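Next up, target-v7.txt (compact mmCIF, C-alpha atoms and all ligand atoms):
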```txt
# COMPACT_ATOMS: atom_id res chain seq x y z
CA MET D 18 29.31 -0.13 7.74
CA ASN D 19 28.49 -2.80 10.31
CA CYS D 20 25.40 -4.23 11.95
CA SER D 21 24.58 -2.34 15.19
CA VAL D 22 23.56 -5.64 16.79
CA CYS D 23 26.21 -8.21 15.82
CA GLY D 24 28.97 -6.26 14.02
CA ALA D 25 28.74 -8.26 10.77
CA PRO D 26 28.74 -6.25 7.50
CA ALA D 27 25.52 -4.25 7.29
CA GLN D 28 23.02 -4.64 4.45
CA VAL D 29 20.51 -1.96 5.39
CA GLU D 30 21.11 1.41 6.99
CA VAL D 31 18.26 3.11 8.86
CA ARG D 32 19.68 6.60 8.97
CA ARG D 33 16.71 8.18 10.72
CA ARG D 34 17.48 5.91 13.67
CA ASN D 35 21.27 5.97 13.35
CA ARG D 36 21.37 2.22 12.96
CA ALA D 37 22.44 -0.39 10.44
CA PHE D 38 21.69 -4.08 10.27
CA CYS D 39 22.82 -7.37 8.72
CA ALA D 40 20.07 -9.29 6.89
CA GLU D 41 19.05 -11.36 9.89
CA HIS D 42 18.93 -8.48 12.36
CA TYR D 43 17.16 -6.25 9.86
CA ARG D 44 14.33 -8.74 9.49
CA ALA D 45 14.13 -9.10 13.27
CA TRP D 46 14.10 -5.31 13.73
CA PHE D 47 11.35 -4.90 11.14
CA VAL D 48 9.09 -7.54 12.67
CA GLY D 49 9.75 -6.16 16.17
CA GLU D 50 8.86 -2.61 15.14
CA THR D 51 5.65 -3.87 13.54
CA ARG D 52 4.77 -5.60 16.80
CA ARG D 53 5.36 -2.32 18.64
CA ASN D 54 3.11 -0.44 16.25
CA LEU D 55 0.35 -3.00 16.73
CA GLY D 56 0.66 -2.74 20.51
CA ARG D 57 1.03 1.04 20.68
CA HIS D 58 -2.38 1.61 19.11
CA ARG D 59 -4.00 -1.69 20.12
CA MET D 60 -4.57 -2.25 16.41
CA ILE D 61 -5.42 -5.94 16.78
CA ARG D 62 -7.15 -7.17 19.94
CA PRO D 63 -7.59 -10.70 21.30
CA GLY D 64 -10.08 -12.68 19.26
CA ASP D 65 -10.11 -10.21 16.35
CA ARG D 66 -10.48 -11.59 12.83
CA VAL D 67 -8.19 -9.66 10.50
CA LEU D 68 -8.68 -8.99 6.80
CA VAL D 69 -5.63 -7.65 4.98
CA ALA D 70 -6.04 -5.79 1.70
CA VAL D 71 -3.53 -7.23 -0.79
CA SER D 72 -2.77 -5.75 -4.18
CA GLY D 73 0.23 -7.98 -4.91
CA GLY D 74 2.66 -5.08 -4.44
CA LYS D 75 5.43 -5.08 -1.86
CA ASP D 76 3.66 -3.21 0.94
CA SER D 77 0.61 -5.43 1.20
CA LEU D 78 2.57 -8.68 0.86
CA VAL D 79 5.12 -7.54 3.46
CA LEU D 80 2.25 -6.70 5.80
CA TRP D 81 0.60 -10.07 5.27
CA ASP D 82 3.94 -11.85 5.85
CA THR D 83 4.71 -9.86 8.99
CA LEU D 84 1.26 -10.34 10.52
CA ALA D 85 1.56 -14.09 10.03
CA LYS D 86 5.01 -14.04 11.70
CA LEU D 87 3.52 -12.18 14.65
CA GLY D 88 0.82 -14.81 15.14
CA HIS D 89 -2.00 -13.03 13.28
CA PRO D 90 -2.60 -15.20 10.20
CA ALA D 91 -4.88 -12.72 8.43
CA THR D 92 -7.17 -13.52 5.51
CA GLY D 93 -6.07 -11.74 2.34
CA PHE D 94 -8.50 -9.71 0.29
CA HIS D 95 -7.66 -9.07 -3.36
CA ILE D 96 -9.75 -7.07 -5.79
CA GLN D 97 -9.52 -7.84 -9.49
CA LEU D 98 -9.81 -4.42 -11.12
CA GLY D 99 -9.68 -5.58 -14.73
CA ILE D 100 -6.79 -3.31 -15.68
CA GLY D 101 -5.43 -5.54 -18.45
CA GLY D 102 -2.27 -7.59 -17.95
CA TYR D 103 -1.35 -5.58 -14.88
CA SER D 104 -4.37 -6.94 -12.97
CA GLU D 105 -3.89 -10.47 -14.28
CA ARG D 106 -0.29 -10.55 -13.08
CA ALA D 107 -1.30 -9.04 -9.72
CA LEU D 108 -3.69 -11.95 -9.13
CA VAL D 109 -1.09 -14.56 -10.08
CA THR D 110 1.42 -13.02 -7.64
CA THR D 111 -1.11 -12.75 -4.82
CA GLU D 112 -2.39 -16.30 -5.24
CA ALA D 113 1.13 -17.71 -5.34
CA PHE D 114 1.98 -15.91 -2.10
CA ALA D 115 -1.15 -17.23 -0.35
CA ARG D 116 -0.62 -20.77 -1.58
CA GLU D 117 3.04 -20.92 -0.58
CA ARG D 118 2.28 -19.80 2.95
CA GLY D 119 -1.04 -21.62 3.40
CA LEU D 120 -2.98 -18.39 3.94
CA GLU D 121 -6.65 -17.88 3.17
CA LEU D 122 -7.46 -15.51 0.32
CA ILE D 123 -10.71 -13.86 -0.75
CA VAL D 124 -10.97 -12.50 -4.31
CA VAL D 125 -13.65 -10.25 -5.79
CA ASP D 126 -13.66 -9.38 -9.48
CA VAL D 127 -15.15 -5.94 -10.12
CA ARG D 128 -16.44 -6.80 -13.59
CA GLU D 129 -17.88 -10.15 -12.58
CA SER D 130 -19.67 -8.53 -9.63
CA PHE D 131 -20.76 -5.20 -11.06
CA GLY D 132 -20.60 -5.62 -14.85
CA LEU D 133 -17.73 -3.31 -15.86
CA THR D 134 -13.96 -3.23 -15.31
CA VAL D 135 -12.33 -0.21 -13.65
CA PRO D 136 -11.17 1.22 -17.02
CA GLN D 137 -14.68 0.73 -18.49
CA LEU D 138 -16.23 2.39 -15.46
CA ALA D 139 -13.88 5.35 -15.95
CA GLU D 140 -14.71 5.55 -19.61
CA VAL D 141 -18.47 5.59 -19.28
CA THR D 142 -18.54 7.98 -16.31
CA GLY D 143 -15.87 10.27 -17.72
CA ARG D 144 -14.04 10.26 -14.38
CA LYS D 145 -10.43 9.35 -13.74
CA ALA D 146 -9.81 5.63 -13.29
CA CYS D 147 -8.46 6.22 -9.77
CA SER D 148 -11.61 7.89 -8.52
CA GLY D 149 -13.99 5.03 -9.35
CA CYS D 150 -11.32 2.49 -8.47
CA GLY D 151 -10.74 4.00 -5.03
CA LEU D 152 -14.46 4.21 -4.32
CA SER D 153 -15.11 0.59 -5.32
CA LYS D 154 -12.10 -0.63 -3.34
CA ARG D 155 -13.25 1.11 -0.16
CA TYR D 156 -16.80 -0.11 -0.68
CA LEU D 157 -15.78 -3.71 -1.23
CA MET D 158 -13.40 -3.65 1.70
CA ASN D 159 -16.07 -2.43 4.12
CA ARG D 160 -18.77 -4.64 2.72
CA VAL D 161 -16.74 -7.86 2.59
CA ALA D 162 -15.37 -7.18 6.08
CA GLU D 163 -18.87 -6.77 7.47
CA GLU D 164 -20.48 -9.67 5.63
CA GLU D 165 -17.65 -12.08 6.29
CA GLY D 166 -17.37 -11.12 9.96
CA PHE D 167 -13.99 -9.38 10.15
CA ASP D 168 -13.27 -6.96 13.00
CA VAL D 169 -10.23 -5.29 11.45
CA VAL D 170 -9.11 -4.29 7.97
CA ALA D 171 -5.32 -3.86 7.69
CA THR D 172 -3.66 -2.03 4.81
CA GLY D 173 0.01 -1.76 3.85
CA HIS D 174 0.35 2.04 3.95
CA ASN D 175 3.93 3.02 4.77
CA LEU D 176 5.52 6.23 6.06
CA ASP D 177 6.02 7.61 2.55
CA ASP D 178 2.33 7.05 1.71
CA GLU D 179 1.21 8.72 4.92
CA ALA D 180 3.64 11.63 4.72
CA ALA D 181 2.70 12.21 1.05
CA THR D 182 -1.00 12.20 1.93
CA LEU D 183 -0.33 14.62 4.78
CA LEU D 184 1.62 16.93 2.50
CA GLY D 185 -1.20 16.81 -0.05
CA ASN D 186 -3.82 17.53 2.62
CA VAL D 187 -1.76 20.36 4.10
CA SER D 188 -1.07 21.89 0.69
CA HIS D 189 -4.81 22.24 0.18
CA TRP D 190 -5.80 22.58 3.85
CA GLN D 191 -8.20 19.67 3.56
CA LEU D 192 -9.36 19.86 7.16
CA ASP D 193 -11.83 16.98 7.03
CA ALA D 194 -9.15 14.65 5.67
CA LEU D 195 -6.53 15.97 8.11
CA VAL D 196 -8.75 15.23 11.08
CA ARG D 197 -9.29 11.62 9.98
CA GLN D 198 -5.79 10.69 8.80
CA GLY D 199 -3.98 8.29 11.09
CA PRO D 200 -2.60 4.81 11.72
CA MET D 201 -5.87 3.61 13.22
CA LEU D 202 -9.51 4.46 12.71
CA GLU D 203 -11.80 2.87 15.29
CA GLY D 204 -14.63 0.78 13.94
CA ARG D 205 -18.25 1.85 14.12
CA GLU D 206 -21.49 0.04 13.50
CA GLY D 207 -21.13 -1.51 10.06
CA LEU D 208 -17.54 -0.30 9.60
CA ALA D 209 -14.59 -2.43 10.63
CA ARG D 210 -11.59 -0.87 12.40
CA ARG D 211 -8.95 0.29 9.89
CA VAL D 212 -5.28 -0.12 10.75
CA LYS D 213 -1.92 0.60 9.06
CA PRO D 214 0.72 -1.38 10.97
CA LEU D 215 3.58 -0.37 8.62
CA TYR D 216 3.00 3.39 8.88
CA THR D 217 6.34 4.06 10.59
CA PHE D 218 8.54 2.41 7.91
CA THR D 219 9.84 4.32 4.93
CA GLU D 220 9.04 2.79 1.58
CA ARG D 221 12.72 1.93 1.09
CA GLU D 222 12.68 0.02 4.39
CA VAL D 223 9.62 -1.98 3.29
CA ALA D 224 11.29 -2.78 -0.04
CA ALA D 225 14.44 -3.87 1.82
CA TYR D 226 12.39 -6.20 4.02
CA ALA D 227 10.60 -7.67 0.99
CA PHE D 228 13.96 -8.35 -0.65
CA LEU D 229 15.60 -9.89 2.43
CA ALA D 230 12.55 -11.98 3.31
CA GLY D 231 12.45 -13.37 -0.24
CA ILE D 232 8.96 -12.06 -0.96
CA GLU D 233 8.04 -12.25 -4.65
CA TYR D 234 5.96 -9.17 -5.31
CA GLN D 235 4.70 -7.32 -8.35
CA HIS D 236 7.21 -4.64 -9.36
CA GLU D 237 5.05 -3.39 -12.18
CA GLU D 238 2.95 -0.28 -11.52
CA CYS D 239 -0.69 0.23 -12.38
CA PRO D 240 -0.66 2.16 -15.67
CA HIS D 241 -3.02 4.72 -14.12
CA ALA D 242 -0.51 5.57 -11.38
CA GLU D 243 1.68 7.39 -13.85
CA GLY D 244 1.79 11.08 -13.17
CA ALA D 245 -0.10 10.62 -9.87
CA LYS D 246 0.30 13.56 -7.51
CA SER D 247 1.21 11.19 -4.69
CA LEU D 248 4.41 10.33 -6.58
CA LEU D 249 5.36 13.99 -6.83
CA TYR D 250 4.82 14.49 -3.11
CA LYS D 251 6.90 11.39 -2.35
CA ASP D 252 9.67 12.63 -4.56
CA VAL D 253 9.79 16.02 -2.87
CA LEU D 254 9.78 14.43 0.58
CA ASN D 255 12.57 12.04 -0.38
CA ARG D 256 14.76 14.89 -1.52
CA LEU D 257 14.30 16.44 1.90
CA GLU D 258 14.88 13.08 3.58
CA THR D 259 18.20 12.53 1.80
CA ARG D 260 19.47 15.89 3.00
CA MET D 261 17.81 15.67 6.43
CA PRO D 262 17.24 12.08 7.58
CA GLY D 263 14.12 11.74 9.70
CA THR D 264 12.14 14.49 7.96
CA LYS D 265 9.26 12.24 6.89
CA GLN D 266 8.96 10.64 10.32
CA VAL D 267 8.98 13.96 12.17
CA PHE D 268 6.54 15.50 9.71
CA LEU D 269 3.97 12.73 10.23
CA GLU D 270 4.51 11.82 13.88
CA GLN D 271 4.57 15.38 15.14
CA TYR D 272 1.47 16.19 13.14
CA LEU D 273 -0.37 13.28 14.72
CA LYS D 274 0.92 14.14 18.17
CA LYS D 275 0.78 17.92 18.29
CA VAL D 276 -1.50 19.26 15.59
CA GLN D 277 -4.23 16.71 15.01
CA PRO D 278 -5.58 16.76 18.60
CA VAL D 279 -5.92 20.56 18.43
CA LEU D 280 -7.68 20.33 15.08
CA GLN D 281 -10.00 17.63 16.34
CA GLU D 282 -10.94 19.70 19.35
CA GLY D 283 -11.40 22.87 17.34
CA LEU D 284 -13.59 21.12 14.81
CA ALA D 285 -15.51 19.04 17.33
CA GLU D 286 -18.92 18.63 15.79
CA GLY D 287 -19.58 15.15 17.05
CA GLU D 288 -19.60 12.10 14.87
CA VAL D 289 -21.50 12.34 11.62
CA GLU D 290 -24.66 10.30 11.87
CA LEU D 291 -24.59 7.16 9.76
CA ARG D 292 -27.48 5.32 8.19
CA ARG D 293 -27.93 2.44 5.80
CA CYS D 294 -28.00 2.93 2.03
CA GLU D 295 -31.51 2.33 0.69
CA ARG D 296 -30.08 0.59 -2.31
CA CYS D 297 -27.42 -1.74 -0.87
CA GLY D 298 -27.68 -1.59 2.91
CA GLN D 299 -24.12 -0.39 3.50
CA VAL D 300 -23.30 2.32 6.02
CA THR D 301 -23.40 5.82 4.52
CA THR D 302 -24.31 9.41 5.34
CA GLY D 303 -26.98 10.02 2.66
CA ALA D 304 -30.02 8.06 1.52
CA VAL D 305 -28.10 6.30 -1.26
CA CYS D 306 -24.35 5.69 -0.91
CA ALA D 307 -21.76 7.19 -3.30
CA HIS D 308 -20.93 3.74 -4.66
CA CYS D 309 -24.51 2.93 -5.69
CA LYS D 310 -24.89 6.42 -7.20
CA LEU D 311 -21.73 6.04 -9.25
CA TRP D 312 -22.68 2.60 -10.56
CA ASP D 313 -26.30 3.54 -11.30
CA ARG D 314 -24.98 6.43 -13.38
CA ALA D 315 -22.47 4.15 -15.09
CA TYR D 316 -25.23 1.66 -15.93
CA ALA D 317 -27.45 4.32 -17.48
CA ARG D 318 -24.62 5.47 -19.74
CA ALA D 319 -23.27 2.01 -20.52
CA LYS D 320 -26.71 0.87 -21.66
CA LYS D 321 -27.03 3.82 -24.00
CA ARG D 322 -23.77 2.78 -25.56
CA ARG D 323 -24.82 -0.86 -25.63
CA LEU D 324 -21.97 -1.94 -23.38
CA LEU D 325 -24.55 -3.53 -21.10
CA PRO D 326 -27.88 -5.20 -21.96
CA GLU D 327 -30.99 -2.97 -21.98
CA ASP D 328 -32.52 -4.75 -18.96
CA GLY D 329 -29.27 -4.69 -16.95
CA ARG D 330 -29.60 -3.33 -13.43
CA PHE D 331 -26.70 -2.64 -11.09
CA ASP D 332 -26.56 -5.30 -8.39
CA PRO D 333 -24.36 -4.12 -5.49
CA ARG D 334 -23.71 -7.61 -4.11
CA PRO D 335 -20.10 -8.71 -4.65
CA ARG D 336 -19.36 -12.24 -5.88
CA VAL D 337 -16.88 -13.61 -3.39
CA HIS D 338 -14.34 -16.28 -4.31
CA ARG D 339 -12.34 -18.08 -1.71
CA LEU D 340 -8.98 -19.75 -1.99
CA GLU D 341 -8.84 -22.06 0.99
CA PRO D 342 -5.36 -23.19 1.99
CA ALA D 343 -6.73 -26.60 2.98
CA ASN D 344 -8.13 -27.23 -0.51
CA GLU D 345 -4.74 -26.78 -2.10
CA ALA D 346 -3.04 -30.14 -1.85
CA MET A 20 30.18 -3.56 -14.08
CA LYS A 21 26.73 -4.60 -15.16
CA VAL A 22 23.90 -2.56 -13.65
CA ILE A 23 20.36 -3.92 -13.91
CA LEU A 24 17.78 -1.23 -13.31
CA ARG A 25 14.28 -2.12 -12.19
CA THR A 26 12.74 1.28 -11.93
CA PRO A 27 10.45 -0.56 -12.45
CA HIS A 28 11.02 -1.24 -16.17
CA LYS A 29 13.99 -3.51 -16.66
CA GLU A 30 17.00 -1.91 -18.28
CA GLU A 31 20.70 -2.76 -18.37
CA ARG A 32 23.71 -0.46 -18.24
CA GLU A 33 27.44 -0.95 -18.27
CA LEU A 34 29.47 1.29 -15.92
CA ALA A 35 33.21 1.35 -15.20
CA GLY A 36 34.12 0.79 -11.53
CA PRO A 37 35.21 0.58 -8.85
CA MET A 38 33.09 2.99 -6.89
CA THR A 39 30.80 3.20 -3.87
CA VAL A 40 27.08 2.60 -4.11
CA ARG A 41 26.57 6.28 -3.30
CA GLU A 42 28.68 7.24 -6.34
CA LEU A 43 26.85 4.70 -8.48
CA LEU A 44 23.48 6.26 -7.63
CA GLU A 45 24.84 9.74 -8.27
CA ARG A 46 25.97 8.63 -11.72
CA LEU A 47 22.53 7.21 -12.42
CA ASP A 48 20.94 10.38 -11.01
CA LEU A 49 18.84 8.40 -8.53
CA ASP A 50 17.82 9.52 -5.04
CA PRO A 51 19.20 6.94 -2.55
CA GLU A 52 15.98 7.24 -0.52
CA GLY A 53 13.94 5.92 -3.46
CA VAL A 54 15.83 2.71 -4.28
CA ILE A 55 17.49 -0.38 -2.85
CA VAL A 56 20.70 -1.78 -4.34
CA ALA A 57 21.54 -5.49 -4.42
CA ARG A 58 24.44 -7.70 -5.45
CA GLY A 59 23.14 -11.25 -5.76
CA ARG A 60 21.06 -11.95 -2.67
CA GLU A 61 22.74 -9.25 -0.63
CA LEU A 62 21.65 -5.65 -0.15
CA LEU A 63 24.33 -2.97 -0.21
CA THR A 64 24.60 0.14 1.97
CA LEU A 65 25.68 3.42 0.41
CA ASP A 66 29.30 3.10 1.54
CA ALA A 67 29.72 -0.42 0.07
CA ARG A 68 32.17 -0.72 -2.85
CA VAL A 69 31.22 -2.27 -6.16
CA GLU A 70 33.84 -3.56 -8.60
CA ASP A 71 34.14 -3.97 -12.34
CA GLY A 72 33.22 -7.66 -12.41
CA ASP A 73 30.07 -7.16 -10.30
CA THR A 74 26.46 -7.36 -11.39
CA VAL A 75 24.44 -4.89 -9.40
CA GLU A 76 20.67 -4.52 -9.29
CA VAL A 77 18.98 -1.20 -8.57
CA ILE A 78 15.35 -1.67 -7.54
CA ARG A 79 12.93 1.20 -7.28
CA ALA A 80 11.26 1.30 -3.86
CA ILE A 81 8.65 3.95 -4.54
CA SER A 82 5.25 3.14 -5.90
CA GLY A 83 2.17 5.23 -6.04
CA GLY A 84 -1.43 5.17 -7.04
CA GLY A 85 -4.23 7.61 -7.07
CA ALA A 86 -6.22 6.30 -4.15
S1 LIG I 1 -3.43 3.71 -9.64
FE1 LIG I 1 -5.60 4.30 -9.68
S2 LIG I 1 -6.55 2.85 -11.09
FE2 LIG I 1 -4.56 1.99 -10.55
S3 LIG I 1 -4.99 0.64 -8.82
FE3 LIG I 1 -4.43 2.65 -7.94
S4 LIG I 1 -6.36 3.70 -7.66
FE4 LIG I 1 -6.77 1.98 -9.05
ZN ZN I 2 23.55 -8.46 12.75
ZN ZN I 3 -25.27 1.66 -1.64
```
Could you express the structure from this file as C-alpha cells?
Ligand code: SF4
Ligand SMILES: [Zn+2]
Ligand SMILES: [Zn+2]
Amino acid sequence: MNCSVCGAPAQVEVRRRNRAFCAEHYRAWFVGETRRNLGRHRMIRPGDRVLVAVSGGKDSLVLWDTLAKLGHPATGFHIQLGIGGYSERALVTTEAFARERGLELIVVDVRESFGLTVPQLAEVTGRKACSGCGLSKRYLMNRVAEEEGFDVVATGHNLDDEAATLLGNVSHWQLDALVRQGPMLEGREGLARRVKPLYTFTEREVAAYAFLAGIEYQHEECPHAEGAKSLLYKDVLNRLETRMPGTKQVFLEQYLKKVQPVLQEGLAEGEVELRRCERCGQVTTGAVCAHCKLWDRAYARAKKRRLLPEDGRFDPRPRVHRLEPANEA
Amino acid sequence: MKVILRTPHKEERELAGPMTVRELLERLDLDPEGVIVARGRELLTLDARVEDGDTVEVIRAISGGGA
C-alpha cells in the first residue's frame, strides 16, 4: 500500500476515508484535520486562553502537541488522583512532556486539596471510584478554568470515546445526555467553553499519530477502568468498524447532524437556571453543588473512621501548583 | 519472528513467518481496529509482510475509563 500523497510506502491506512499515508504525510493530515475541526466549530477564538486537560495518556498528550503545532500553546491541567503507582507514573509522564516542549502545566492533587485520594473517597462513600473521580475532575476543571482566567477547556476525546458514549446513551435513551453530547459546548457565566478537537479521529488514528510524532505517553490503564462499560461499547463498535469501515463516524456525525437538532427542539425547555453554590461559589443548579455534597458526606464518614481529624472540615479550594517553562533551566 | 505485545501489559511471543500483518493479528485474535503494529520506528499497514527475523510490536490503541 502506498501513500495517497507522495506514493512512498504507506504506514497508516485510513480506511474510512479510502486513504493511506507515509509517516510525514500522516502527521500533516492529522494536524490539518485538527485545524479543520477547530475552525468548523470555532472552538478557539482570537485571544482565547486555552486550558487542556492532560491525564498523561495518548489522547490528551496528542491534543496538547497538536494545539501547540497549530499556534495555540495551551496550558496543561493535570489532576493527581492518588491512585497508587498509576497516578505517580502519570504525573512523571505529563511533567516530562511539558518540560521537553516548554509548555506551562498546572497540577492539583486531590488529596492535598481535599484530604482524601480518589480510592479513599470511593471507600468512605461506598461509591465506585469513577463516580467520585469524574465529579471531582469536572469540578476542578471548571473551577481552575474560571479562577485562572481560561476561556476554553479542551479535552482529548476521540471518535471512539464519543461513539461509545452515544451508544451508551442510546441504549438507555438518556435524553438529557443525548441533547448535550457534542464536540463543543458553549461557555456560560462561570463555565468555560468545552471543546473536543480530536472528536473525528478514531482511537487507532490517535495512537498512530502519537507513535509517529514520538510522543511518550502512559500506556498503563487506570486499574479502575477494568471492566468499564465504555470498553465494551468500544469493542462492539470496532467489530462493526472492521466489517464496515466508517460506521463509527457515520453513527456519531449523522446523530449530531440529523437527530440532535430534532431532539433539542422537541425538548426545548430553555436553559436551566444556574446559581452559585452556597458552600464553594461554583456554578450549580441547586443550593449546594454535587461536589460539596459528596465531600461533606465523605468527611462525616471519614471522621467516624478516624481517617480524618475530628475538627476537619472540607475546604473546596484547590491547591494549585504551577510548572512554569521559564523556571526550568 | 518476535512479537512484543503491549495490550497494554508487556508480553512476548514467538511466531513463525512470513505472513501479512492482517494474518498476524488474526493469529493473535486481535481486532485490527483496536491496535497499531510497528517494526522499529515504522508503522505497518495490514497488507505489509513480516518475516521470520523481524521484531514486531503490537500496541493496543483502545483505552477506557469510567468518566
Ligand atoms: S477509570 Fe475511573 S477512577 Fe480511573 S481515572 Fe478514569 S474515572 Fe478516574
Ligand atoms: Zn507521503
Ligand atoms: Zn460547591
- Message: I'd like the contact shell of segment 29-40 of chain A - 12 Å cut-off, only C-alpha atoms, skipping same-chain residues fewer than 2 positions apart - returned as number ranges by chain.
- Response: D: 28, 236-237; A: 20-27, 42-47, 49-51, 54-58, 62-79
- Message: What's the separation between atom CA of Ala225 of chain D and atom CA of Val71 of chain D, in Å to one decimal place?
- Response: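 Between these atoms lies a distance of 18.5 Å.
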- Message: Please report the interatomic distance between atom CA of Gln198 of chain D and atom CA of Ala285 of chain D in Å with one decimal.
- Response: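 A separation of 15.4 Å between them.
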- Write out as number ranges by chain which residues come within 10 Å of Ala25 of chain D when counting all atoms listed in the file, dropping same-chain ones fewer than 2 positions away. D: 18-23, 27-28, 38-40, 42
Could the residues in this selection be written to a file with C-alpha atoms, as a PDB file, in the frame of the given file?
```pdb
ATOM      1  CA  MET D  18      29.310  -0.130   7.740  1.00  0.00           C
ATOM      2  CA  ASN D  19      28.490  -2.800  10.310  1.00  0.00           C
ATOM      3  CA  CYS D  20      25.400  -4.230  11.950  1.00  0.00           C
ATOM      4  CA  SER D  21      24.580  -2.340  15.190  1.00  0.00           C
ATOM      5  CA  VAL D  22      23.560  -5.640  16.790  1.00  0.00           C
ATOM      6  CA  CYS D  23      26.210  -8.210  15.820  1.00  0.00           C
ATOM      7  CA  ALA D  27      25.520  -4.250   7.290  1.00  0.00           C
ATOM      8  CA  GLN D  28      23.020  -4.640   4.450  1.00  0.00           C
ATOM      9  CA  PHE D  38      21.690  -4.080  10.270  1.00  0.00           C
ATOM     10  CA  CYS D  39      22.820  -7.370   8.720  1.00  0.00           C
ATOM     11  CA  ALA D  40      20.070  -9.290   6.890  1.00  0.00           C
ATOM     12  CA  HIS D  42      18.930  -8.480  12.360  1.00  0.00           C
TER      13      HIS D  42
END
```
- Expected selection as number ranges by chain for ligand ZN 3 (chain I) within 12 Å, only C-alpha atoms and all ligand atoms: D: 152-153, 156-157, 159-160, 292-313, 331-335
Using all atoms listed in the file, find each residue in chain D having at least one atom no more than 6 Å away from ligand LIG 1 (chain I); report its shortest atom-to-atom pair and that distance in Å (one decimal), rows by chain then rising number, as a Markdown table.
```
| residue | atom | partner | partner_atom | distance |
| --- | --- | --- | --- | --- |
| D:Ala146 | CA | I:LIG1 | S2 | 4.8 |
| D:Cys147 | CA | I:LIG1 | FE1 | 3.4 |
| D:Cys150 | CA | I:LIG1 | FE4 | 4.6 |
| D:Gly151 | CA | I:LIG1 | S4 | 5.1 |
| D:Cys239 | CA | I:LIG1 | FE2 | 4.6 |
| D:His241 | CA | I:LIG1 | S1 | 4.6 |
| D:Ala242 | CA | I:LIG1 | S1 | 3.9 |
```
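The smallest atom-to-atom distance between ligand ZN 2 (chain I) and any of D:Ala70, D:Glu41, D:Thr110, D:Phe47, using all atoms listed in the file, is found for D:Glu41.
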- Have a look at atom CA of Arg52 of chain D and atom CA of Asp177 of chain D and let me know their distance in Å, one decimal. 19.5 Å
- Query: Taking (-1.8, -5.5, 2.5) in the file's coordinates as the center, which residues reach within 10 Å of it, counting only C-alpha atoms, put as a PyMOL selection string?
  - Reply: chain D and resi 68-82+84+91+93-95+170-174+213-215
- Find the residue from A:Gly59, A:Asp48, A:Arg41, A:Ile81 that sits nearest to chain D; use all atoms listed in the file when measuring.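 Using all atoms listed in the file, the shortest distance to chain D belongs to A:Ile81.
Nearest residue to chain A, choosing from D:Lys265, D:Arg144, D:Arg314, D:Lys246 and counting only C-alpha atoms: D:Lys246.
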- Near Thr264 of chain D, within 9 Å and counting all atoms listed in the file, which residues show up once chain neighbours fewer than 6 positions away are dropped, as a ChimeraX atom specification? /D:33,254-255,257-258
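Each of D:Leu284, D:Ala139, D:Ala230, D:Leu248 was checked against chain A using all atoms listed in the file; the smallest atom-to-atom distance is that of D:Leu248.
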So that I can see what lies close to Met60 of chain D, please list as a PDB file with C-alpha atoms, in the coordinates of the input the residues with an atom at most 7 Å from it, counting only C-alpha atoms and leaving out residues fewer than 5 positions away in the same chain.
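Saved to result.pdb:
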```
ATOM      1  CA  LEU D  55       0.350  -3.000  16.730  1.00  0.00           C
ATOM      2  CA  MET D 201      -5.870   3.610  13.220  1.00  0.00           C
ATOM      3  CA  VAL D 212      -5.280  -0.120  10.750  1.00  0.00           C
TER       4      VAL D 212
END
```
Determine, counting only C-alpha atoms, which protein, DNA and RNA residues have an atom within 12 Å of an atom of Arg322 of chain D; residues of the same chain fewer than 6 positions away are not included. Present the result as a PDB file with C-alpha atoms, in the coordinates of the input.
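Final output, saved to selection-v9.pdb:
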```pdb
ATOM      1  CA  GLN D 137     -14.680   0.730 -18.490  1.00  0.00           C
ATOM      2  CA  GLU D 140     -14.710   5.550 -19.610  1.00  0.00           C
ATOM      3  CA  VAL D 141     -18.470   5.590 -19.280  1.00  0.00           C
ATOM      4  CA  THR D 142     -18.540   7.980 -16.310  1.00  0.00           C
ATOM      5  CA  ALA D 315     -22.470   4.150 -15.090  1.00  0.00           C
ATOM      6  CA  TYR D 316     -25.230   1.660 -15.930  1.00  0.00           C
TER       7      TYR D 316
END
```
- For ligand ZN 2 (chain I), which residue out of D:Ala37, D:Val124, D:Ile96, D:Val289 is the nearest one, using all atoms listed in the file?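 Counting all atoms listed in the file, the residue closest to ligand ZN 2 (chain I) is D:Ala37.
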Once N, CA, C and O atoms are restored for segment 153-159 of chain D, what would the output be as a tab-separated table (two decimals), in the frame of the given file?
```tsv
chain	number	residue	atom	x	y	z
D	153	SER	N	-14.71	1.99	-5.34
D	153	SER	CA	-15.11	0.59	-5.32
D	153	SER	C	-14.25	-0.23	-4.36
D	153	SER	O	-14.75	-1.14	-3.69
D	154	LYS	N	-12.97	0.11	-4.27
D	154	LYS	CA	-12.10	-0.63	-3.34
D	154	LYS	C	-12.56	-0.42	-1.90
D	154	LYS	O	-12.66	-1.37	-1.14
D	155	ARG	N	-12.81	0.84	-1.53
D	155	ARG	CA	-13.25	1.11	-0.16
D	155	ARG	C	-14.59	0.43	0.12
D	155	ARG	O	-14.79	-0.15	1.19
D	156	TYR	N	-15.48	0.50	-0.85
D	156	TYR	CA	-16.80	-0.11	-0.68
D	156	TYR	C	-16.67	-1.61	-0.45
D	156	TYR	O	-17.24	-2.17	0.49
D	157	LEU	N	-15.92	-2.26	-1.32
D	157	LEU	CA	-15.78	-3.71	-1.23
D	157	LEU	C	-15.11	-4.13	0.07
D	157	LEU	O	-15.47	-5.12	0.69
D	158	MET	N	-14.12	-3.35	0.47
D	158	MET	CA	-13.40	-3.65	1.70
D	158	MET	C	-14.36	-3.62	2.89
D	158	MET	O	-14.41	-4.56	3.68
D	159	ASN	N	-15.13	-2.55	3.01
D	159	ASN	CA	-16.07	-2.43	4.12
D	159	ASN	C	-17.14	-3.51	4.06
D	159	ASN	O	-17.48	-4.13	5.05
```
